[in-house]
>>> print(open('model.cif').read())   # mmCIF, C-alpha atoms, pLDDT in the B column; chains and numbers go by the auth columns
data_final
loop_
_atom_site.group_PDB
_atom_site.id
_atom_site.type_symbol
_atom_site.label_atom_id
_atom_site.label_comp_id
_atom_site.label_asym_id
_atom_site.label_seq_id
_atom_site.Cartn_x
_atom_site.Cartn_y
_atom_site.Cartn_z
_atom_site.B_iso_or_equiv
_atom_site.auth_seq_id
_atom_site.auth_asym_id
ATOM 1 C CA MET A 1 32.546 321.067 -12.073 49.00 1 G
ATOM 2 C CA GLN A 2 35.239 323.686 -11.720 53.00 2 G
ATOM 3 C CA PRO A 3 34.949 325.881 -8.626 54.00 3 G
ATOM 4 C CA TYR A 4 34.130 329.524 -9.246 55.00 4 G
ATOM 5 C CA ILE A 5 36.314 331.912 -7.308 58.00 5 G
ATOM 6 C CA VAL A 6 35.355 335.581 -7.037 62.00 6 G
ATOM 7 C CA ASN A 7 38.264 337.942 -7.525 76.00 7 G
ATOM 8 C CA GLU A 8 36.648 341.076 -6.204 79.00 8 G
ATOM 9 C CA GLU A 9 39.874 343.084 -6.418 82.00 9 G
ATOM 10 C CA ALA A 10 40.190 342.326 -10.144 82.00 10 G
ATOM 11 C CA VAL A 11 36.591 343.431 -10.740 83.00 11 G
ATOM 12 C CA TYR A 12 37.064 346.745 -8.931 83.00 12 G
ATOM 13 C CA ARG A 13 40.440 347.326 -10.623 84.00 13 G
ATOM 14 C CA ALA A 14 38.759 346.807 -13.994 85.00 14 G
ATOM 15 C CA ILE A 15 35.985 349.255 -13.028 87.00 15 G
ATOM 16 C CA GLY A 16 38.651 351.845 -12.143 87.00 16 G
ATOM 17 C CA GLU A 17 40.387 351.272 -15.480 88.00 17 G
ATOM 18 C CA LEU A 18 37.059 351.635 -17.282 90.00 18 G
ATOM 19 C CA THR A 19 36.387 354.944 -15.519 88.00 19 G
ATOM 20 C CA VAL A 20 39.742 356.415 -16.554 84.00 20 G
ATOM 21 C CA LYS A 21 39.592 355.161 -20.142 89.00 21 G
ATOM 22 C CA PHE A 22 36.047 356.465 -20.561 90.00 22 G
ATOM 23 C CA GLN A 23 37.440 359.935 -19.811 87.00 23 G
ATOM 24 C CA LEU A 24 39.736 359.516 -22.834 86.00 24 G
ATOM 25 C CA LEU A 25 36.707 358.942 -25.062 90.00 25 G
ATOM 26 C CA GLU A 26 34.933 361.959 -23.590 89.00 26 G
ATOM 27 C CA ASN A 27 38.037 364.079 -24.155 84.00 27 G
ATOM 28 C CA GLU A 28 38.279 362.923 -27.787 86.00 28 G
ATOM 29 C CA LEU A 29 34.711 364.103 -28.401 88.00 29 G
ATOM 30 C CA ARG A 30 35.540 367.475 -26.841 83.00 30 G
ATOM 31 C CA GLU A 31 38.621 367.833 -29.023 81.00 31 G
ATOM 32 C CA ILE A 32 36.597 367.084 -32.140 84.00 32 G
ATOM 33 C CA SER A 33 34.060 369.721 -31.094 83.00 33 G
ATOM 34 C CA TRP A 34 36.818 372.253 -30.450 78.00 34 G
ATOM 35 C CA PHE A 35 38.352 371.544 -33.844 78.00 35 G
ATOM 36 C CA CYS A 36 35.027 372.041 -35.612 81.00 36 G
ATOM 37 C CA ALA A 37 33.993 375.136 -33.632 73.00 37 G
ATOM 38 C CA GLU A 38 33.950 378.549 -35.250 55.00 38 G
ATOM 39 C CA PRO A 39 36.978 380.595 -34.177 48.00 39 G
ATOM 40 C CA THR A 40 34.635 383.194 -32.692 50.00 40 G
ATOM 41 C CA GLU A 41 32.780 380.625 -30.584 51.00 41 G
ATOM 42 C CA THR A 42 33.682 381.037 -26.935 46.00 42 G
ATOM 43 C CA THR A 43 32.583 377.634 -25.730 53.00 43 G
ATOM 44 C CA ALA A 44 33.271 374.179 -27.060 49.00 44 G
ATOM 45 C CA GLY A 45 30.171 372.666 -25.567 55.00 45 G
ATOM 46 C CA PRO A 46 28.619 371.446 -22.372 58.00 46 G
ATOM 47 C CA THR A 47 30.729 370.891 -19.305 59.00 47 G
ATOM 48 C CA ARG A 48 28.770 367.980 -17.872 65.00 48 G
ATOM 49 C CA GLY A 49 26.823 365.027 -19.135 82.00 49 G
ATOM 50 C CA PHE A 50 28.253 362.616 -21.662 88.00 50 G
ATOM 51 C CA ALA A 51 25.047 362.492 -23.725 89.00 51 G
ATOM 52 C CA ARG A 52 25.164 366.290 -24.075 88.00 52 G
ATOM 53 C CA ILE A 53 28.830 366.093 -25.117 90.00 53 G
ATOM 54 C CA VAL A 54 27.984 363.480 -27.773 93.00 54 G
ATOM 55 C CA ASP A 55 25.072 365.599 -29.036 92.00 55 G
ATOM 56 C CA HIS A 56 27.252 368.704 -29.150 91.00 56 G
ATOM 57 C CA ALA A 57 30.021 366.845 -31.013 92.00 57 G
ATOM 58 C CA LYS A 58 27.434 365.559 -33.510 94.00 58 G
ATOM 59 C CA LYS A 59 26.128 369.082 -34.173 93.00 59 G
ATOM 60 C CA ALA A 60 29.631 370.567 -34.368 92.00 60 G
ATOM 61 C CA VAL A 61 30.848 367.931 -36.824 93.00 61 G
ATOM 62 C CA SER A 62 27.740 368.249 -38.984 94.00 62 G
ATOM 63 C CA ALA A 63 28.024 372.035 -39.075 92.00 63 G
ATOM 64 C CA TYR A 64 31.726 371.831 -39.871 91.00 64 G
ATOM 65 C CA LEU A 65 31.179 369.348 -42.685 92.00 65 G
ATOM 66 C CA ASP A 66 28.363 371.558 -44.015 92.00 66 G
ATOM 67 C CA ARG A 67 30.638 374.636 -43.980 88.00 67 G
ATOM 68 C CA SER A 68 33.298 372.560 -45.738 88.00 68 G
ATOM 69 C CA ALA A 69 30.777 371.604 -48.465 87.00 69 G
ATOM 70 C CA VAL A 70 31.106 367.887 -47.741 89.00 70 G
ATOM 71 C CA ALA A 71 28.276 366.061 -49.493 89.00 71 G
ATOM 72 C CA ARG A 72 25.381 364.825 -47.369 91.00 72 G
ATOM 73 C CA ASP A 73 25.985 361.280 -48.587 91.00 73 G
ATOM 74 C CA ALA A 74 29.754 361.330 -47.929 89.00 74 G
ATOM 75 C CA ALA A 75 30.966 358.286 -46.040 90.00 75 G
ATOM 76 C CA ILE A 76 32.584 360.402 -43.329 91.00 76 G
ATOM 77 C CA ARG A 77 29.117 361.541 -42.214 93.00 77 G
ATOM 78 C CA SER A 78 27.801 357.992 -41.815 94.00 78 G
ATOM 79 C CA HIS A 79 31.037 356.941 -40.125 95.00 79 G
ATOM 80 C CA PHE A 80 30.634 359.746 -37.600 96.00 80 G
ATOM 81 C CA ALA A 81 26.974 358.830 -37.030 96.00 81 G
ATOM 82 C CA ALA A 82 27.912 355.189 -36.354 97.00 82 G
ATOM 83 C CA ALA A 83 30.838 356.148 -34.123 96.00 83 G
ATOM 84 C CA LEU A 84 28.714 358.565 -32.092 96.00 84 G
ATOM 85 C CA GLN A 85 26.003 355.917 -31.669 97.00 85 G
ATOM 86 C CA ARG A 86 28.671 353.516 -30.447 96.00 86 G
ATOM 87 C CA CYS A 87 29.782 356.149 -27.922 95.00 87 G
ATOM 88 C CA ARG A 88 26.226 356.247 -26.557 94.00 88 G
ATOM 89 C CA GLU A 89 26.127 352.441 -26.303 95.00 89 G
ATOM 90 C CA VAL A 90 29.501 352.323 -24.539 94.00 90 G
ATOM 91 C CA ALA A 91 28.251 354.994 -22.133 92.00 91 G
ATOM 92 C CA THR A 92 25.256 352.821 -21.226 90.00 92 G
ATOM 93 C CA ARG A 93 27.507 349.814 -20.596 90.00 93 G
ATOM 94 C CA ARG A 94 29.995 351.954 -18.665 88.00 94 G
ATOM 95 C CA ASN A 95 27.247 353.410 -16.488 85.00 95 G
ATOM 96 C CA ARG A 96 25.970 349.940 -15.738 84.00 96 G
ATOM 97 C CA ALA A 97 29.479 348.800 -14.755 83.00 97 G
ATOM 98 C CA VAL A 98 30.304 351.837 -12.653 81.00 98 G
ATOM 99 C CA HIS A 99 26.949 352.601 -11.050 79.00 99 G
ATOM 100 C CA SER A 100 25.487 349.160 -10.386 79.00 100 G
ATOM 101 C CA LEU A 101 24.984 347.768 -6.931 72.00 101 G
ATOM 102 C CA TYR A 102 27.472 344.924 -6.383 77.00 102 G
ATOM 103 C CA ARG A 103 26.731 342.145 -3.871 79.00 103 G
ATOM 104 C CA HIS A 104 28.100 338.774 -2.906 71.00 104 G
ATOM 105 C CA TYR A 105 25.623 335.899 -2.863 71.00 105 G
ATOM 106 C CA GLU A 106 26.150 332.482 -1.386 70.00 106 G
ATOM 107 C CA THR A 107 25.386 329.582 -3.682 68.00 107 G
ATOM 108 C CA LEU A 108 24.408 325.992 -2.989 68.00 108 G
ATOM 109 C CA HIS A 109 27.933 324.811 -2.305 68.00 109 G
ATOM 110 C CA GLY A 110 29.068 327.862 -0.382 65.00 110 G
ATOM 111 C CA LYS A 111 30.866 329.462 -3.317 68.00 111 G
ATOM 112 C CA PRO A 112 30.193 333.207 -3.280 72.00 112 G
ATOM 113 C CA VAL A 113 29.076 334.841 -6.503 77.00 113 G
ATOM 114 C CA LEU A 114 29.490 338.545 -7.228 82.00 114 G
ATOM 115 C CA VAL A 115 26.310 339.934 -8.805 84.00 115 G
ATOM 116 C CA ARG A 116 25.487 343.421 -9.981 84.00 116 G
ATOM 117 C CA THR A 117 22.005 344.873 -9.921 85.00 117 G
ATOM 118 C CA TRP A 118 20.579 347.805 -11.862 80.00 118 G
ATOM 119 C CA THR A 119 17.237 349.144 -12.978 81.00 119 G
ATOM 120 C CA GLU A 120 16.099 349.421 -16.556 81.00 120 G
ATOM 121 C CA ASN A 121 13.164 351.207 -18.179 82.00 121 G
ATOM 122 C CA VAL A 122 11.468 348.420 -20.135 81.00 122 G
ATOM 123 C CA ARG A 123 8.504 350.449 -21.310 83.00 123 G
ATOM 124 C CA GLN A 124 6.786 353.720 -20.473 84.00 124 G
ATOM 125 C CA GLY A 125 6.232 353.857 -16.718 81.00 125 G
ATOM 126 C CA SER A 126 7.680 350.405 -16.042 83.00 126 G
ATOM 127 C CA ILE A 127 11.067 349.681 -14.476 85.00 127 G
ATOM 128 C CA GLU A 128 12.603 346.245 -14.012 87.00 128 G
ATOM 129 C CA ILE A 129 15.392 345.235 -11.687 87.00 129 G
ATOM 130 C CA LYS A 130 18.095 343.350 -13.582 85.00 130 G
ATOM 131 C CA HIS A 131 20.829 341.089 -12.200 85.00 131 G
ATOM 132 C CA GLU A 132 24.026 339.759 -13.746 84.00 132 G
ATOM 133 C CA ARG A 133 26.864 337.608 -12.467 84.00 133 G
ATOM 134 C CA VAL A 134 30.110 339.592 -12.556 83.00 134 G
ATOM 135 C CA THR A 135 33.674 338.607 -13.286 80.00 135 G
ATOM 136 C CA ALA A 136 36.664 340.676 -14.323 77.00 136 G
ATOM 137 C CA ALA A 137 35.793 339.606 -17.905 85.00 137 G
ATOM 138 C CA THR A 138 32.393 341.310 -17.538 85.00 138 G
ATOM 139 C CA ILE A 139 34.112 344.657 -17.138 85.00 139 G
ATOM 140 C CA THR A 140 36.898 343.811 -19.593 89.00 140 G
ATOM 141 C CA SER A 141 34.328 343.409 -22.383 92.00 141 G
ATOM 142 C CA VAL A 142 33.169 346.978 -21.744 91.00 142 G
ATOM 143 C CA LEU A 143 36.801 348.096 -21.860 93.00 143 G
ATOM 144 C CA GLN A 144 37.198 346.413 -25.249 95.00 144 G
ATOM 145 C CA ASP A 145 34.109 348.216 -26.580 95.00 145 G
ATOM 146 C CA LEU A 146 35.392 351.475 -25.128 94.00 146 G
ATOM 147 C CA LYS A 147 38.770 350.996 -26.818 95.00 147 G
ATOM 148 C CA ALA A 148 37.093 350.355 -30.178 96.00 148 G
ATOM 149 C CA ALA A 149 34.869 353.449 -29.770 95.00 149 G
ATOM 150 C CA TYR A 150 37.879 355.582 -28.855 95.00 150 G
ATOM 151 C CA GLU A 151 39.913 354.302 -31.805 96.00 151 G
ATOM 152 C CA ALA A 152 37.027 355.042 -34.186 96.00 152 G
ATOM 153 C CA MET A 153 36.638 358.598 -32.868 94.00 153 G
ATOM 154 C CA PHE A 154 40.401 359.176 -32.932 94.00 154 G
ATOM 155 C CA GLY A 155 40.563 357.977 -36.548 94.00 155 G
ATOM 156 C CA LEU A 156 37.707 360.248 -37.566 94.00 156 G
ATOM 157 C CA HIS A 157 39.339 363.137 -35.729 93.00 157 G
ATOM 158 C CA GLN A 158 42.506 362.519 -37.740 91.00 158 G
ATOM 159 C CA GLN A 159 40.478 362.510 -40.970 90.00 159 G
ATOM 160 C CA LEU A 160 38.947 365.882 -40.076 89.00 160 G
ATOM 161 C CA MET A 161 42.307 367.394 -39.199 86.00 161 G
ATOM 162 C CA TYR A 162 44.450 366.005 -41.995 86.00 162 G
ATOM 163 C CA SER A 163 42.779 364.144 -44.870 84.00 163 G
ATOM 164 C CA LEU A 164 39.816 366.472 -45.236 85.00 164 G
ATOM 165 C CA GLN A 165 41.969 369.576 -44.743 81.00 165 G
ATOM 166 C CA ALA A 166 44.363 368.503 -47.500 81.00 166 G
ATOM 167 C CA ILE A 167 41.466 367.898 -49.895 79.00 167 G
ATOM 168 C CA LEU A 168 39.898 371.261 -49.067 77.00 168 G
ATOM 169 C CA ALA A 169 43.250 373.042 -49.453 78.00 169 G
ATOM 170 C CA ARG A 170 43.723 371.565 -52.916 77.00 170 G
ATOM 171 C CA GLY A 171 40.200 372.698 -53.878 70.00 171 G
ATOM 172 C CA GLU A 172 39.364 369.377 -55.490 59.00 172 G
ATOM 173 C CA GLY A 173 35.678 370.040 -55.986 49.00 173 G
ATOM 174 C CA ARG A 174 33.351 367.808 -53.970 52.00 174 G
ATOM 175 C CA PRO A 175 35.290 366.972 -50.806 52.00 175 G
ATOM 176 C CA THR A 176 35.712 363.306 -50.182 50.00 176 G
ATOM 177 C CA THR A 177 37.793 361.450 -47.645 47.00 177 G
ATOM 178 C CA PRO A 178 39.722 358.191 -47.697 49.00 178 G
ATOM 179 C CA CYS A 179 36.501 356.571 -46.428 51.00 179 G
ATOM 180 C CA ASP A 180 34.623 357.721 -49.530 49.00 180 G
ATOM 181 C CA ARG A 181 37.277 356.368 -51.852 49.00 181 G
ATOM 182 C CA GLU A 182 37.314 353.017 -50.009 50.00 182 G
ATOM 183 C CA HIS A 183 33.532 352.597 -50.136 47.00 183 G
ATOM 184 C CA GLY A 184 32.543 354.187 -53.336 44.00 184 G
#
>>> encode(input="model.cif", output="structure tokens")
Amino acid sequence: MQPYIVNEEAVYRAIGELTVKFQLLENELREISWFCAEPTETTAGPTRGFARIVDHAKKAVSAYLDRSAVARDAAIRSHFAAALQRCREVATRRNRAVHSLYRHYETLHGKPVLVRTWTENVRQGSIEIKHERVTAATITSVLQDLKAAYEAMFGLHQQLMYSLQAILARGEGRPTTPCDREHG
């Protein structure tokens, strides 16, 4: 059996990296909202609360696509819906990583284990306390999900700014995007 060594510094470094990179995702959602906002609108959305930012971005994108006469069944709409859902899932994982209670536990052979603890609503009116062994890889997996979510939002942002704008400028009838042409 290989000994398990807790590298607490690596875990906390990874949590710090996750915190900073999550801000990039939040900023990308704000930029998408700003891009889609009416020029007369004085605010680009809520100032606090990631779930509110995601909801605002969803409404802003939908309204923008509606104003641009993008079909309801256009692939860009479903891609945004999936990407925004992924943002919510990453936020849950990020919150668990950043806001959990971390403790060291002694094991049978004196090897300390780093464990995080959090609460979870399992059903109406019932909360369970959850525990999970933590390594730097635990946090790294959240970072990988965060990177994928950010890249998806950045790609969709680029489609709104460039691909869709070019199609609208050419007046090519029913607006489509590269996503529509790839999938349909």
>>> resolve_selection(input="model.cif", expression="the PyMOL selection byres ((chain G and resi 8) around 10)", output="PyMOL selection string")
chain G and resi 5-7+9-14+102+104+113-114+134-136
>>> residues_around(input="model.cif", residues="Thr119 in chain G", least_positions_apart="3", cutoff="10 Å", atoms="all atoms listed in the file", output="NGL selection string")
:G and (96 or 100-101 or 122 or 127-131)
>>> residues_around(input="model.cif", residues="Thr138 in chain G", least_positions_apart="5", cutoff="10 Å", atoms="all atoms listed in the file", output="MDAnalysis selection string")
chainID G and resid 11 14:15 97 132:133 143
>>> atom_distance(input="model.cif", atom1="CA of Val90 in chain G", atom2="CA of Val142 in chain G")
7.1 Å
>>> atom_distance(input="model.cif", atom1="CA of Leu156 in chain G", atom2="CA of Arg93 in chain G")
22.4 Å
>>> atom_distance(input="model.cif", atom1="CA of Lys59 in chain G", atom2="CA of Leu24 in chain G")
20.1 Å
>>> resolve_selection(input="model.cif", expression="the PyMOL selection byres ((chain G and resi 87) around 12)", output="ChimeraX atom specification")
/G:22-26,28-29,50-55,57-58,80-86,88-94,142,145-153
>>> closest_residue(input="model.cif", among="G:Thr117, G:Asn27, G:Gln165, G:Ser62", to="Arg77 in chain G", atoms="all atoms listed in the file")
G:Ser62
>>> closest_residue(input="model.cif", among="G:Ile76, G:Val115, G:Ala71, G:Val61", to="Ser33 in chain G", atoms="all atoms listed in the file")
G:Val61
>>> residues_around(input="model.cif", residues="range 66-68 of chain G", least_positions_apart="2", cutoff="10 Å", atoms="all atoms listed in the file", output="PyMOL selection string")
chain G and resi 36+60-64+70-72+164-165+168+174-175
